[in-house]
Amino acid sequence: MEDGVLKEGFLVKRLLIKLKTRTSTEYFLEACSREERDAWAFEITGAIHAGQPGKVQQLHILKNSFKLPPHISLHCIVDKMHNSSSGIRSSPNMEQGSTYKKTFIGSSMVDWLISNSFAANRLEAVTLASVLMEENFLRPVGARSMGAIRSGDLAEQFLDDSTALYTFAESYKKKISPKEEISLSTMELSGTVVKQGYLAKQGHKRKNWKVRRFVLRKEPAFLHYYDPSKEENRPVGGFSLRGSLVSALEDNGVPTGVKGNVQGNLFKVITKDDIHYYIQASSKAERAEWIEAIKKLT
């Protein structure tokens with residue numbers, strides 16, 4: 001929201017975010033730029049939705065309604081989007097009298113996905129774009145697209161609209177070369193599988209909870225996790241267990257470091273590089289089994 005104050009005879013626009021708690025207490029936060037305001041609003045909205053089982057279930061339904069070809073990944077799509085000659089061109093766009101740099105409109109994103117054969121029709125393209133945004137590859141910019149995020153319906157978060165603006169998320173990083181990736185993955189995945197199963201994991205960026213298929217390997221000791229909605233048998237993440245610490249978290253209330261209304265059967269893995277992974281099992285017995293199995297490999 002934008003508000004104006006009279007300062008020395010001039011109307012100065014203020015870039016505000018309004019937070020309203022369950023007790024109807026209102027907080028107003030001021031940003032330095034429109035981009036910063038929208039980025040904070042996007043991250044805060046994600047944190048508010050984090051840990052809500054209905055949201056997670058809705059996302060899985062959304063993902064399962066559309067399948068990418070086995071040889072295509074979200075990273076592959078984003079790499080193509082950044083291509084200087086055939087990707088999506090970012091440019092200044094206006095919305096409600098405000099100019100946003102390096103943005104593209106929602107309908108152009110849908111057109112691009114279809115023209116590059118990533119989606120067969122506009123409905124599939126909107127679904128795919130929503131997943132890209134949920135996975136933090138894209139970010140909404142401006143009131144129109146941010147309003148869709150706040151609607152709470154994951155299936156309608158991305159707008160196939162010429163007035164809705166989007167940009168690339170700052171967290172996007174170019175992947176390592178294919179040769180390096182294949183070599184690294186081959187080494188990591190060469191160990192013997194000692195345990196696997198479905199657990200919920202808290203994300204590092206938006207702190208939302210997602211169900212993942214975890215696979216524990218030894219020699220070398222790695223814990224990888226896979227997206228169960230994807231047909232490709234490649235992990236979406238993982239880490240070495242050498243020098244790691246694993247421990248159960250208290251079940252009375254939400255432990256420090258955990259976001260959202262998630263309680264019970266939680267455990268934490270701290271890697272050698274001091275990266276914290278928060279994981280939830282379906283029962284205390286399952287949590288104990290995972291902790292025991294991981295401890296043997298640390």
# chains A, B, ... in the order shown; residues from 1 in each chain; ligands from 1
$ residues_around --residues "segment 82-99 of chain A" --least-positions-apart "6" --cutoff "9 Å" --atoms "only C-alpha atoms" --output "JSON, numbers by chain"
{"A": [34, 105, 108, 109, 112, 142, 143, 144, 163, 164, 165, 167, 168]}
$ atom_distance --atom1 "atom CA of Leu19 of chain A" --atom2 "atom CA of Ala129 of chain A"
27.1 Å
$ atom_distance --atom1 "atom CA of Met146 of chain A" --atom2 "atom CA of Lys205 of chain A"
18.2 Å
$ closest_residue --among "A:Ser190, A:Asn136, A:Ser115, A:Thr127" --to "Gly203 of chain A" --atoms "only C-alpha atoms"
A:Asn136
$ select_by_dssp --residues "segment 150-297 of chain A" --states "strand (DSSP E)" --output "mmCIF file with C-alpha atoms, in the first residue's frame"
data_model
loop_
_atom_site.group_PDB
_atom_site.id
_atom_site.type_symbol
_atom_site.label_atom_id
_atom_site.label_comp_id
_atom_site.auth_asym_id
_atom_site.auth_seq_id
_atom_site.Cartn_x
_atom_site.Cartn_y
_atom_site.Cartn_z
ATOM 1 C CA LEU A 165 3.806 -8.231 -13.066
ATOM 2 C CA TYR A 166 6.486 -10.752 -12.093
ATOM 3 C CA THR A 167 10.267 -10.894 -11.839
ATOM 4 C CA PHE A 168 12.997 -13.467 -11.268
ATOM 5 C CA THR A 192 24.066 -48.383 -0.092
ATOM 6 C CA VAL A 193 20.500 -47.438 0.837
ATOM 7 C CA VAL A 194 19.901 -48.220 4.518
ATOM 8 C CA LYS A 195 16.593 -46.437 5.093
ATOM 9 C CA GLN A 196 13.965 -44.490 3.172
ATOM 10 C CA GLY A 197 10.513 -43.027 3.777
ATOM 11 C CA TYR A 198 8.295 -39.941 3.627
ATOM 12 C CA LEU A 199 8.948 -37.044 6.001
ATOM 13 C CA ALA A 200 8.047 -33.344 6.056
ATOM 14 C CA LYS A 201 10.885 -30.810 5.758
ATOM 15 C CA GLN A 202 10.951 -27.090 6.467
ATOM 16 C CA TRP A 209 6.734 -27.360 5.027
ATOM 17 C CA LYS A 210 6.769 -29.898 2.193
ATOM 18 C CA VAL A 211 6.515 -33.674 2.102
ATOM 19 C CA ARG A 212 9.669 -35.284 0.715
ATOM 20 C CA ARG A 213 10.853 -38.851 0.197
ATOM 21 C CA PHE A 214 14.058 -39.193 2.214
ATOM 22 C CA VAL A 215 16.749 -41.725 1.333
ATOM 23 C CA LEU A 216 19.588 -42.516 3.754
ATOM 24 C CA ARG A 217 22.780 -43.983 2.269
ATOM 25 C CA LYS A 218 26.084 -45.180 3.701
ATOM 26 C CA PHE A 222 24.398 -38.958 2.664
ATOM 27 C CA LEU A 223 20.796 -38.022 3.339
ATOM 28 C CA HIS A 224 18.946 -37.054 0.149
ATOM 29 C CA TYR A 225 15.338 -35.962 -0.325
ATOM 30 C CA TYR A 226 13.137 -36.249 -3.407
ATOM 31 C CA GLY A 237 18.467 -31.755 -2.203
ATOM 32 C CA GLY A 238 20.756 -33.573 0.180
ATOM 33 C CA PHE A 239 23.815 -33.308 2.390
ATOM 34 C CA SER A 240 26.741 -35.281 3.752
ATOM 35 C CA LEU A 245 24.578 -33.745 14.615
ATOM 36 C CA VAL A 246 21.015 -35.083 14.933
ATOM 37 C CA SER A 247 18.610 -34.611 17.833
ATOM 38 C CA ALA A 248 14.898 -34.768 18.710
ATOM 39 C CA LEU A 266 10.230 -33.121 15.052
ATOM 40 C CA PHE A 267 13.972 -33.618 14.821
ATOM 41 C CA LYS A 268 16.888 -31.503 13.655
ATOM 42 C CA VAL A 269 20.029 -32.282 11.676
ATOM 43 C CA ILE A 270 22.930 -29.804 11.823
ATOM 44 C CA HIS A 276 20.084 -26.608 10.132
ATOM 45 C CA TYR A 277 17.458 -29.002 8.704
ATOM 46 C CA TYR A 278 14.115 -29.279 10.524
ATOM 47 C CA ILE A 279 12.236 -32.510 9.776
ATOM 48 C CA GLN A 280 8.944 -33.979 10.989
#
